[in-house]
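upload.txt, holding compact mmCIF, C-alpha atoms:
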```txt
# COMPACT_ATOMS: atom_id res chain seq x y z
CA MET A 13 120.00 110.42 169.96
CA GLN A 14 116.62 110.35 171.72
CA THR A 15 115.72 113.55 173.59
CA ALA A 16 114.96 112.87 177.27
CA ILE A 17 111.58 114.01 178.63
CA ALA A 18 111.47 114.83 182.35
CA VAL A 19 108.64 115.67 184.76
CA THR A 20 108.26 116.89 188.33
CA SER A 21 105.77 114.26 189.49
CA ALA A 22 105.39 110.54 188.85
CA ASP A 23 101.64 110.85 188.26
CA LEU A 24 102.34 112.98 185.19
CA VAL A 25 103.70 109.86 183.48
CA LEU A 26 100.74 108.10 181.88
CA PRO A 27 101.01 104.49 180.69
CA PRO A 28 102.33 104.32 177.12
CA THR A 29 99.92 103.67 174.29
CA ASP A 30 102.38 101.33 172.56
CA HIS A 31 105.58 99.39 173.17
CA HIS A 32 107.78 102.13 171.71
CA THR A 33 106.86 105.13 173.85
CA PRO A 34 109.63 105.76 176.40
CA THR A 35 108.97 106.75 179.98
CA ALA A 36 109.92 110.11 181.49
CA ALA A 37 112.62 110.94 184.03
CA LEU A 38 111.53 112.24 187.43
CA LEU A 39 112.87 115.52 188.84
CA PRO A 40 111.92 115.38 192.55
CA ALA A 41 111.19 118.35 194.79
CA PRO A 42 113.98 119.74 197.04
CA ASP A 43 112.55 118.05 200.13
CA ALA A 44 112.70 114.67 198.37
CA GLN A 45 116.19 114.88 196.87
CA PRO A 46 119.32 116.86 197.84
CA LEU A 47 120.83 119.21 195.28
CA ASP A 48 123.97 117.10 194.76
CA ALA A 49 121.86 114.09 193.78
CA ALA A 50 119.69 116.21 191.48
CA LEU A 51 122.80 117.50 189.71
CA VAL A 52 124.16 113.98 189.24
CA ASP A 53 120.85 112.69 187.88
CA MET A 54 120.55 115.55 185.39
CA GLN A 55 124.14 115.10 184.23
CA VAL A 56 123.46 111.41 183.62
CA LEU A 57 120.42 112.31 181.51
CA LEU A 58 122.49 114.78 179.49
CA ASP A 59 125.26 112.24 178.97
CA GLN A 60 122.81 109.57 177.85
CA HIS A 61 120.46 111.67 175.73
CA GLY A 62 122.23 114.89 174.81
CA TYR A 63 119.22 117.09 175.58
CA VAL A 64 116.53 117.16 178.29
CA VAL A 65 113.07 118.69 177.94
CA ALA A 66 111.59 119.14 181.42
CA LEU A 67 107.86 119.83 181.58
CA TYR A 68 106.28 121.10 184.78
CA PRO A 69 102.92 122.56 185.82
CA ALA A 70 102.75 126.26 186.67
CA SER A 71 101.11 125.16 189.94
CA ILE A 72 104.17 123.42 191.45
CA PRO A 73 105.63 124.98 194.62
CA ALA A 74 108.06 127.87 194.06
CA ALA A 75 110.87 125.92 195.74
CA HIS A 76 110.50 123.09 193.22
CA GLU A 77 110.62 125.51 190.30
CA ARG A 78 113.70 127.19 191.78
CA ARG A 79 115.36 123.78 192.05
CA LEU A 80 114.89 123.21 188.31
CA HIS A 81 116.49 126.54 187.47
CA THR A 82 119.27 125.99 189.99
CA VAL A 83 120.20 122.66 188.42
CA ARG A 84 120.33 124.18 184.97
CA SER A 85 122.36 127.15 186.24
CA VAL A 86 124.89 125.11 188.22
CA LEU A 87 125.47 122.75 185.31
CA GLU A 88 125.75 125.78 183.01
CA SER A 89 123.92 123.74 180.41
CA ASP A 90 122.11 125.12 177.41
CA ARG A 91 120.84 121.60 176.69
CA ILE A 92 118.10 121.68 179.34
CA ALA A 93 114.68 123.10 178.35
CA LEU A 94 112.33 124.09 181.19
CA ILE A 95 108.77 124.21 179.85
CA LYS A 96 106.23 125.72 182.26
CA LEU A 97 102.65 124.70 181.51
CA ALA A 98 99.43 126.38 182.63
CA LEU A 99 97.38 123.24 181.88
CA PRO A 100 95.61 121.38 184.71
CA PRO A 101 97.40 118.22 185.92
CA LEU A 102 95.70 115.67 183.65
CA GLY A 103 96.24 117.93 180.65
CA VAL A 104 99.93 118.18 181.52
CA ALA A 105 100.13 114.38 181.71
CA VAL A 106 98.54 114.03 178.27
CA LEU A 107 100.97 116.55 176.78
CA VAL A 108 103.91 114.82 178.45
CA ARG A 109 102.93 111.53 176.84
CA GLN A 110 102.68 113.15 173.42
CA LEU A 111 106.19 114.58 173.79
CA ARG A 112 107.44 111.19 174.93
CA GLN A 113 106.07 109.83 171.66
CA LEU A 114 107.69 112.62 169.65
CA SER A 115 111.04 112.14 171.37
CA ILE A 116 111.72 108.97 169.39
CA CYS A 117 110.62 110.47 166.06
CA ASP A 118 112.88 112.20 163.58
CA PHE A 119 112.75 115.58 165.33
CA SER A 120 115.62 117.51 166.85
CA ALA A 121 115.53 118.48 170.53
CA GLY A 122 114.62 122.07 169.67
CA ILE A 123 111.55 120.96 167.72
CA VAL A 124 110.45 118.59 170.50
CA ALA A 125 110.66 121.39 173.08
CA CYS A 126 108.73 123.85 170.91
CA ALA A 127 106.10 121.21 170.11
CA ALA A 128 104.83 121.46 173.70
CA ARG A 129 103.38 124.89 173.02
CA LEU A 130 101.91 123.79 169.70
CA LEU A 131 100.29 120.60 170.96
CA ALA A 132 98.87 122.33 174.05
CA HIS A 133 96.35 124.01 171.73
CA TYR A 134 94.95 120.56 170.94
CA VAL A 135 94.48 119.41 174.53
CA TYR A 136 90.93 120.10 175.75
CA ALA A 137 91.42 119.88 179.51
CA GLY A 138 88.61 120.35 182.01
CA ALA A 139 86.68 118.91 184.91
CA LEU A 140 83.21 118.27 186.27
CA LEU A 141 82.92 119.98 189.68
CA ASN A 142 80.32 120.08 192.39
CA SER A 143 81.41 123.62 193.29
CA VAL A 144 83.41 126.48 191.76
CA ALA A 145 83.60 128.41 195.03
CA ARG A 146 87.34 127.76 195.37
CA LEU A 147 88.21 127.63 191.69
CA ASP A 148 90.75 130.41 191.09
CA ARG A 149 92.62 129.19 187.97
CA VAL A 150 89.70 129.66 185.55
CA PRO A 151 87.60 132.85 185.33
CA VAL A 152 84.32 132.32 187.20
CA SER A 153 81.49 134.86 187.43
CA LEU A 154 79.87 135.89 190.71
CA LYS A 155 76.64 134.35 189.42
CA SER A 156 78.34 130.97 189.00
CA HIS A 157 79.89 131.28 192.45
CA ALA A 158 76.43 131.90 193.91
CA LYS A 159 74.92 128.94 192.06
CA SER A 160 77.69 126.67 193.37
CA TRP A 161 76.12 126.92 196.83
CA VAL A 162 72.83 125.46 195.59
CA PRO A 163 72.62 121.81 196.70
CA GLY A 164 73.08 119.39 193.82
CA SER A 165 74.68 121.91 191.46
CA GLN A 166 77.38 120.65 189.13
CA PHE A 167 79.58 122.58 186.75
CA ALA A 168 81.60 121.58 183.70
CA VAL A 169 84.71 123.70 183.34
CA LEU A 170 87.12 123.84 180.43
CA ALA A 171 90.52 125.31 181.32
CA ASN A 172 92.29 124.82 177.98
CA PRO A 173 92.52 125.82 175.17
CA GLN A 174 89.88 128.48 175.92
CA PRO A 175 88.29 128.87 179.37
CA HIS A 176 84.60 127.97 179.38
CA LEU A 177 82.17 127.18 182.19
CA ILE A 178 78.63 125.86 182.14
CA ARG A 179 76.19 124.66 184.76
CA ILE A 180 75.11 121.09 184.02
CA GLY A 181 71.74 121.24 182.34
CA GLY A 182 72.26 124.85 181.25
CA GLY A 183 74.35 124.59 178.09
CA GLU A 184 77.02 122.69 176.19
CA LEU A 185 80.75 122.69 176.78
CA ALA A 186 82.76 123.73 173.73
CA GLY A 187 84.78 120.77 172.50
CA PRO A 188 87.30 119.75 169.84
CA GLU A 189 86.39 119.60 166.17
CA PHE A 190 88.98 116.95 165.41
CA GLY A 191 89.03 113.20 165.97
CA ASN A 192 89.92 112.70 169.60
CA GLN A 193 90.06 110.32 172.52
CA LEU A 194 89.04 111.19 176.07
CA LEU A 195 91.03 110.47 179.21
CA VAL A 196 89.06 110.52 182.47
CA ALA A 197 90.32 110.61 186.07
CA LYS A 198 87.68 110.29 188.78
CA GLY A 199 87.85 112.09 192.10
CA GLN A 200 85.22 111.86 194.83
CA LEU A 201 82.31 113.01 192.67
CA GLN A 202 79.79 110.39 191.54
CA SER A 203 78.43 111.21 188.08
CA GLU A 204 78.05 109.64 184.63
CA TRP A 205 77.91 113.01 182.85
CA VAL A 206 81.44 112.86 181.45
CA THR A 207 81.08 109.39 179.96
CA ALA A 208 77.38 109.48 179.06
CA THR A 209 76.98 113.08 177.86
CA LEU A 210 80.30 114.79 177.22
CA ALA A 211 82.06 111.95 175.37
CA PRO A 212 79.27 111.51 172.77
CA ALA A 213 78.90 115.29 172.36
CA TRP A 214 82.63 115.60 171.65
CA ARG A 215 82.47 112.60 169.27
CA CYS A 216 85.23 110.84 171.17
CA GLN A 217 86.59 107.81 169.36
CA ALA A 218 87.57 106.08 172.61
CA LEU A 219 87.44 106.67 176.35
CA HIS A 220 90.15 105.71 178.82
CA GLU A 221 90.33 105.96 182.60
CA THR A 222 93.37 106.69 184.72
CA ALA A 223 94.19 107.58 188.31
CA LEU A 224 93.56 111.15 189.40
CA PRO A 225 96.82 113.15 189.65
CA GLY A 226 97.66 114.07 193.22
CA ASP A 227 97.62 117.81 192.51
CA SER A 228 94.23 117.83 190.78
CA PRO A 229 92.00 118.56 193.84
CA ALA A 230 94.13 121.58 194.75
CA TRP A 231 94.19 122.80 191.15
CA TRP A 232 90.40 122.61 190.77
CA GLY A 233 89.62 123.73 194.33
CA THR A 234 87.72 120.60 195.34
CA SER A 235 88.16 116.85 195.65
CA LYS A 236 84.58 116.28 194.52
CA MET A 237 85.38 116.35 190.83
CA ILE A 238 86.07 114.30 187.69
CA GLU A 239 88.93 115.53 185.54
CA PHE A 240 89.03 114.90 181.79
CA ALA A 241 91.18 115.70 178.77
CA ALA A 242 90.49 115.19 175.06
CA TYR A 243 93.52 114.94 172.80
CA LEU A 244 94.95 113.87 169.45
CA PRO A 245 95.65 110.14 169.95
CA ASP A 246 97.38 109.28 166.69
CA ILE A 247 101.15 109.79 166.70
CA THR A 248 101.10 109.80 162.89
CA LEU A 249 98.76 112.79 162.95
CA ILE A 250 100.78 114.49 165.68
CA HIS A 251 103.95 113.96 163.64
CA GLN A 252 102.22 115.42 160.59
CA LEU A 253 101.05 118.45 162.58
CA VAL A 254 104.51 119.22 163.95
CA SER A 255 106.14 118.61 160.57
CA SER A 256 103.76 121.02 158.85
CA VAL A 257 105.01 124.03 160.83
CA LYS A 258 107.81 126.05 159.27
CA ARG A 259 111.18 125.50 160.93
CA GLU A 260 113.59 128.27 161.79
CA LYS A 261 116.94 128.46 163.55
CA CYS A 262 117.25 130.16 166.92
CA SER A 263 119.41 133.25 166.52
CA TRP A 264 120.79 132.81 170.05
CA CYS A 265 121.55 129.10 170.58
CA GLY A 266 121.29 127.87 167.00
CA LEU A 267 118.76 125.09 167.63
CA GLU A 268 115.96 124.28 165.21
CA ILE A 269 112.66 125.72 166.42
CA ILE A 270 109.02 126.09 165.47
CA GLY A 271 106.87 128.93 166.75
CA ASP A 272 108.14 132.34 167.78
CA ARG A 273 110.31 131.38 170.76
CA CYS A 274 113.05 128.85 171.46
CA GLY A 275 112.09 126.18 173.97
CA PHE A 276 115.64 125.97 175.34
CA CYS A 277 116.96 129.51 175.67
CA SER A 278 113.56 131.31 175.41
CA ALA A 279 114.98 133.73 172.84
CA PRO A 280 112.30 135.14 170.51
CA LEU A 281 112.58 134.46 166.81
CA ALA A 282 114.39 137.32 165.10
CA PRO A 283 114.15 139.31 162.97
CA THR A 284 110.42 139.91 163.38
CA GLU A 285 109.66 140.01 159.69
CA ASN A 286 110.97 136.47 159.29
CA ARG A 287 108.77 134.91 161.94
CA PRO A 288 106.64 132.09 160.51
CA SER A 289 102.89 132.28 160.25
CA TYR A 290 100.78 129.52 161.82
CA PRO A 291 97.31 129.65 160.31
CA GLY A 292 94.96 128.69 163.09
CA VAL A 293 97.55 126.80 165.11
CA LEU A 294 99.54 129.02 167.47
CA ASN A 295 97.94 132.37 166.77
CA HIS A 296 94.28 131.47 167.06
CA GLY A 297 94.22 127.91 168.33
CA ALA A 298 91.70 126.78 165.70
CA PRO A 299 91.31 123.00 165.79
CA MET A 300 92.47 120.79 162.98
CA ARG A 301 89.91 118.54 161.45
CA GLN A 302 90.72 114.88 161.25
CA GLY A 303 92.28 113.93 157.95
CA SER A 304 93.32 117.48 157.12
```
Encoding of this model in structure tokens:
Amino acid sequence: MQTAIAVTSADLVLPPTDHHTPTAALLPAPDAQPLDAALVDMQVLLDQHGYVVALYPASIPAAHERRLHTVRSVLESDRIALIKLALPPLGVAVLVRQLRQLSICDFSAGIVACAARLLAHYVYAGALLNSVARLDRVPVSLKSHAKSWVPGSQFAVLANPQPHLIRIGGGELAGPEFGNQLLVAKGQLQSEWVTATLAPAWRCQALHETALPGDSPAWWGTSKMIEFAAYLPDITLIHQLVSSVKREKCSWCGLEIIGDRCGFCSAPLAPTENRPSYPGVLNHGAPMRQGS
């Protein structure tokens, strides 16, 4: 049975890359859907799919996050995974699409939920900004804040997997060392830097454009920006990556998991001495070279 993937915003559902990738269910905010309707919709998903993996940005309003937990609590269901992601909006959308692809592969629901944390290390999510004065989700030095007031200044910021900030013309932005494709969402900033400079520097195999997620300007602190995300595009390679990680059984709920924590019940893997080792994947976030 295919695991259902759910999201908190329609603009986190990117177009599929093939005819097989399923869409994601929408879990609206409390002001858009009464609780009774939310409970019915979630129960339908559980009846149809068995398990639901709900992915949501850490930046959503507290009331929306409480709604997700309320639904799971009222239904008393251990078949709903709530995965909170610190990625910027476009990065979340990329990760959601990858899990949509995985949901129809030969992985159990527990593995699909845990794969979100694994694959997040391979999403290089950032933005080109005209100012970092209001950027509070990525560490920014006082010097960079001061430079942001200079007319014509532009900054390239990487939020994931490791925060990195450069002033355009003053350095290079650290990028992936694996074969990747680049997704670009343009805000109100006019610039060719992402497509003309960043994409070749990151050796992107292809470049795609999409609409800017509605929450992106608030996340980055300005509407004058261009958001981008580099990612593993090949589902075969993604499948291989997830399959290569040692599987364990959650000592609390019994689901299959990868990593050191269950995606459904959040129980840590126990006992400690039996926790798997992830060379360069979860512990250090080292990129995987294409073909490895």
Check: Between A:Gln174, A:Thr15, A:Gln110, A:Asn142, which has the minimum distance to A:Ser235 (counting only C-alpha atoms)?
Finding: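 That would be A:Asn142, the residue with the smallest distance to A:Ser235.
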Item checked: A:Leu253 environment, 9 Å, only C-alpha atoms, sequence neighbours closer than 4 positions dropped, as a ChimeraX atom specification -> /A:130-131,248-249,257,300
Next item on the list: Compile the contact shell of A:Gly138 as a count of residues only: residues with an atom at most 8 Å away, counting all atoms listed in the file, same-chain residues fewer than 2 positions apart removed.
Entry: 11
Next item on the list: Would you mind listing what lies within 9 Å of A:Ile116 as number ranges by chain, with all atoms listed in the file counted and same-chain residues fewer than 5 positions away left out?
Entry: A: 13-15, 32-34
Notebook entry, point to check: Between A:Leu224, A:Val144, A:Leu67, A:Ile72, which is the closest to A:Leu111 once you count all atoms listed in the file?
Noted result: A:Leu67
Check: For A:Val64, which residue among A:Ala98, A:Ile92, A:Val254, A:Leu194 is the nearest when counting only C-alpha atoms?
Finding: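 So, comparing all the options, the nearest one is A:Ile92.
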Check: Can you list, as a ChimeraX atom specification, every protein, DNA or RNA residue that comes within 6 Å of A:Tyr243 when you count only C-alpha atoms, leaving out same-chain residues fewer than 3 positions away?
Finding: /A:135,192-193
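Atom CA of A:Arg84 to atom CA of A:Ala279 spans 16.3 Å [interatomic distance, one decimal].
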Item checked: d(atom CA of A:Gln200, atom CA of A:Met237) in Å -> 6.0 Å
Margin query: One number please: atom CA of A:His31 to atom CA of A:Leu80, in Å, one decimal.
Written below: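 Distance reported for this atom pair: 29.7 Å.
Ranking A:Leu87, A:Arg79, A:Val104, A:Pro69 by their shortest atom-to-atom distance to A:Ala44, with only C-alpha atoms included, puts A:Arg79 first.
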Notebook entry, point to check: Residues at most 12 Å from A:Gln202, counting only C-alpha atoms, excluding those fewer than 2 positions away in the same chain, as a list of chain:residue names?
Noted result: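 Counting only the stated atoms, we get A:Leu140, A:Leu141, A:Asn142, A:Gly164, A:Gln166, A:Ala197, A:Lys198, A:Gly199, A:Gln200, A:Glu204, A:Trp205, A:Val206, A:Thr207, A:Ser235, A:Lys236, A:Met237, A:Ile238.
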Next item on the list: Compare A:Cys126, A:Leu114, A:Leu58, A:Ala282 by their minimum atom-to-atom distance to A:Asp90, counting all atoms listed in the file, and give me the closest one.
Entry: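 Smallest distance to A:Asp90 is found for A:Leu58.
With distances restricted to all atoms listed in the file, A:Ala93 is the closest residue to A:Ala121 from A:Ala93, A:Leu210, A:Leu99, A:Cys277.
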Could you work out an axis-aligned box for stretch 87-90 of chain A, taking every atom the file lists and adding 4 Å on each side, and report centre and edge lengths in Å to one decimal, as AutoDock Vina command-line options?
```
--center_x 123.9 --center_y 124.3 --center_z 181.4 --size_x 11.6 --size_y 11.0 --size_z 15.9
```
Would you kindly place N, CA and C atoms on stretch 180-213 of chain A and return the model as a PDB file, in the coordinates of the input?
```
ATOM      1  N   ILE A 180      75.676 122.284 184.637  1.00  0.00           N
ATOM      2  CA  ILE A 180      75.110 121.090 184.020  1.00  0.00           C
ATOM      3  C   ILE A 180      73.598 121.256 183.873  1.00  0.00           C
ATOM      4  N   GLY A 181      73.151 121.047 182.644  1.00  0.00           N
ATOM      5  CA  GLY A 181      71.740 121.240 182.340  1.00  0.00           C
ATOM      6  C   GLY A 181      71.441 122.622 181.798  1.00  0.00           C
ATOM      7  N   GLY A 182      72.484 123.475 181.712  1.00  0.00           N
ATOM      8  CA  GLY A 182      72.260 124.850 181.250  1.00  0.00           C
ATOM      9  C   GLY A 182      73.100 125.242 180.055  1.00  0.00           C
ATOM     10  N   GLY A 183      73.563 124.263 179.273  1.00  0.00           N
ATOM     11  CA  GLY A 183      74.350 124.590 178.090  1.00  0.00           C
ATOM     12  C   GLY A 183      75.269 123.454 177.708  1.00  0.00           C
ATOM     13  N   GLU A 184      76.085 123.690 176.680  1.00  0.00           N
ATOM     14  CA  GLU A 184      77.020 122.690 176.190  1.00  0.00           C
ATOM     15  C   GLU A 184      78.439 123.216 176.334  1.00  0.00           C
ATOM     16  N   LEU A 185      79.348 122.320 176.626  1.00  0.00           N
ATOM     17  CA  LEU A 185      80.750 122.690 176.780  1.00  0.00           C
ATOM     18  C   LEU A 185      81.443 122.599 175.428  1.00  0.00           C
ATOM     19  N   ALA A 186      82.077 123.703 175.028  1.00  0.00           N
ATOM     20  CA  ALA A 186      82.760 123.730 173.730  1.00  0.00           C
ATOM     21  C   ALA A 186      83.834 122.661 173.678  1.00  0.00           C
ATOM     22  N   GLY A 187      83.838 121.874 172.605  1.00  0.00           N
ATOM     23  CA  GLY A 187      84.780 120.770 172.500  1.00  0.00           C
ATOM     24  C   GLY A 187      85.574 120.790 171.217  1.00  0.00           C
ATOM     25  N   PRO A 188      86.448 119.812 171.032  1.00  0.00           N
ATOM     26  CA  PRO A 188      87.300 119.750 169.840  1.00  0.00           C
ATOM     27  C   PRO A 188      86.504 119.411 168.596  1.00  0.00           C
ATOM     28  N   GLU A 189      86.999 119.902 167.468  1.00  0.00           N
ATOM     29  CA  GLU A 189      86.390 119.600 166.170  1.00  0.00           C
ATOM     30  C   GLU A 189      87.269 118.646 165.382  1.00  0.00           C
ATOM     31  N   PHE A 190      88.133 117.935 166.061  1.00  0.00           N
ATOM     32  CA  PHE A 190      88.980 116.950 165.410  1.00  0.00           C
ATOM     33  C   PHE A 190      88.771 115.587 166.076  1.00  0.00           C
ATOM     34  N   GLY A 191      89.141 114.528 165.398  1.00  0.00           N
ATOM     35  CA  GLY A 191      89.030 113.200 165.970  1.00  0.00           C
ATOM     36  C   GLY A 191      89.852 113.103 167.232  1.00  0.00           C
ATOM     37  N   ASN A 192      89.237 112.673 168.316  1.00  0.00           N
ATOM     38  CA  ASN A 192      89.920 112.700 169.600  1.00  0.00           C
ATOM     39  C   ASN A 192      89.574 111.485 170.445  1.00  0.00           C
ATOM     40  N   GLN A 193      90.368 111.278 171.476  1.00  0.00           N
ATOM     41  CA  GLN A 193      90.060 110.320 172.520  1.00  0.00           C
ATOM     42  C   GLN A 193      89.995 111.074 173.837  1.00  0.00           C
ATOM     43  N   LEU A 194      89.269 110.505 174.797  1.00  0.00           N
ATOM     44  CA  LEU A 194      89.040 111.190 176.070  1.00  0.00           C
ATOM     45  C   LEU A 194      89.665 110.379 177.209  1.00  0.00           C
ATOM     46  N   LEU A 195      90.450 111.067 178.016  1.00  0.00           N
ATOM     47  CA  LEU A 195      91.030 110.470 179.210  1.00  0.00           C
ATOM     48  C   LEU A 195      90.285 111.018 180.422  1.00  0.00           C
ATOM     49  N   VAL A 196      89.873 110.130 181.325  1.00  0.00           N
ATOM     50  CA  VAL A 196      89.060 110.520 182.470  1.00  0.00           C
ATOM     51  C   VAL A 196      89.727 110.046 183.761  1.00  0.00           C
ATOM     52  N   ALA A 197      89.781 110.939 184.750  1.00  0.00           N
ATOM     53  CA  ALA A 197      90.320 110.610 186.070  1.00  0.00           C
ATOM     54  C   ALA A 197      89.281 111.006 187.115  1.00  0.00           C
ATOM     55  N   LYS A 198      88.781 110.040 187.850  1.00  0.00           N
ATOM     56  CA  LYS A 198      87.680 110.290 188.780  1.00  0.00           C
ATOM     57  C   LYS A 198      88.177 110.634 190.168  1.00  0.00           C
ATOM     58  N   GLY A 199      87.615 111.727 190.713  1.00  0.00           N
ATOM     59  CA  GLY A 199      87.850 112.090 192.100  1.00  0.00           C
ATOM     60  C   GLY A 199      86.728 111.534 192.954  1.00  0.00           C
ATOM     61  N   GLN A 200      86.245 112.335 193.894  1.00  0.00           N
ATOM     62  CA  GLN A 200      85.220 111.860 194.830  1.00  0.00           C
ATOM     63  C   GLN A 200      83.795 112.183 194.377  1.00  0.00           C
ATOM     64  N   LEU A 201      83.631 112.686 193.178  1.00  0.00           N
ATOM     65  CA  LEU A 201      82.310 113.010 192.670  1.00  0.00           C
ATOM     66  C   LEU A 201      81.726 111.807 191.924  1.00  0.00           C
ATOM     67  N   GLN A 202      80.488 111.484 192.214  1.00  0.00           N
ATOM     68  CA  GLN A 202      79.790 110.390 191.540  1.00  0.00           C
ATOM     69  C   GLN A 202      78.897 110.975 190.451  1.00  0.00           C
ATOM     70  N   SER A 203      79.227 110.695 189.201  1.00  0.00           N
ATOM     71  CA  SER A 203      78.430 111.210 188.080  1.00  0.00           C
ATOM     72  C   SER A 203      78.804 110.445 186.811  1.00  0.00           C
ATOM     73  N   GLU A 204      77.823 110.275 185.928  1.00  0.00           N
ATOM     74  CA  GLU A 204      78.050 109.640 184.630  1.00  0.00           C
ATOM     75  C   GLU A 204      78.066 110.676 183.512  1.00  0.00           C
ATOM     76  N   TRP A 205      78.053 111.961 183.877  1.00  0.00           N
ATOM     77  CA  TRP A 205      77.910 113.010 182.850  1.00  0.00           C
ATOM     78  C   TRP A 205      79.070 112.992 181.860  1.00  0.00           C
ATOM     79  N   VAL A 206      80.277 112.820 182.343  1.00  0.00           N
ATOM     80  CA  VAL A 206      81.440 112.860 181.450  1.00  0.00           C
ATOM     81  C   VAL A 206      81.378 111.740 180.422  1.00  0.00           C
ATOM     82  N   THR A 207      81.085 110.533 180.876  1.00  0.00           N
ATOM     83  CA  THR A 207      81.080 109.390 179.960  1.00  0.00           C
ATOM     84  C   THR A 207      79.798 109.293 179.141  1.00  0.00           C
ATOM     85  N   ALA A 208      78.673 109.663 179.734  1.00  0.00           N
ATOM     86  CA  ALA A 208      77.380 109.480 179.060  1.00  0.00           C
ATOM     87  C   ALA A 208      76.969 110.670 178.217  1.00  0.00           C
ATOM     88  N   THR A 209      77.415 111.865 178.576  1.00  0.00           N
ATOM     89  CA  THR A 209      76.980 113.080 177.860  1.00  0.00           C
ATOM     90  C   THR A 209      78.121 113.765 177.125  1.00  0.00           C
ATOM     91  N   LEU A 210      79.206 114.045 177.836  1.00  0.00           N
ATOM     92  CA  LEU A 210      80.300 114.790 177.220  1.00  0.00           C
ATOM     93  C   LEU A 210      80.989 113.998 176.106  1.00  0.00           C
ATOM     94  N   ALA A 211      81.331 112.751 176.363  1.00  0.00           N
ATOM     95  CA  ALA A 211      82.060 111.950 175.370  1.00  0.00           C
ATOM     96  C   ALA A 211      81.302 111.846 174.047  1.00  0.00           C
ATOM     97  N   PRO A 212      79.994 111.533 174.047  1.00  0.00           N
ATOM     98  CA  PRO A 212      79.270 111.510 172.770  1.00  0.00           C
ATOM     99  C   PRO A 212      79.181 112.889 172.112  1.00  0.00           C
ATOM    100  N   ALA A 213      79.003 113.939 172.913  1.00  0.00           N
ATOM    101  CA  ALA A 213      78.900 115.290 172.360  1.00  0.00           C
ATOM    102  C   ALA A 213      80.201 115.709 171.686  1.00  0.00           C
TER     103      ALA A 213
END
```
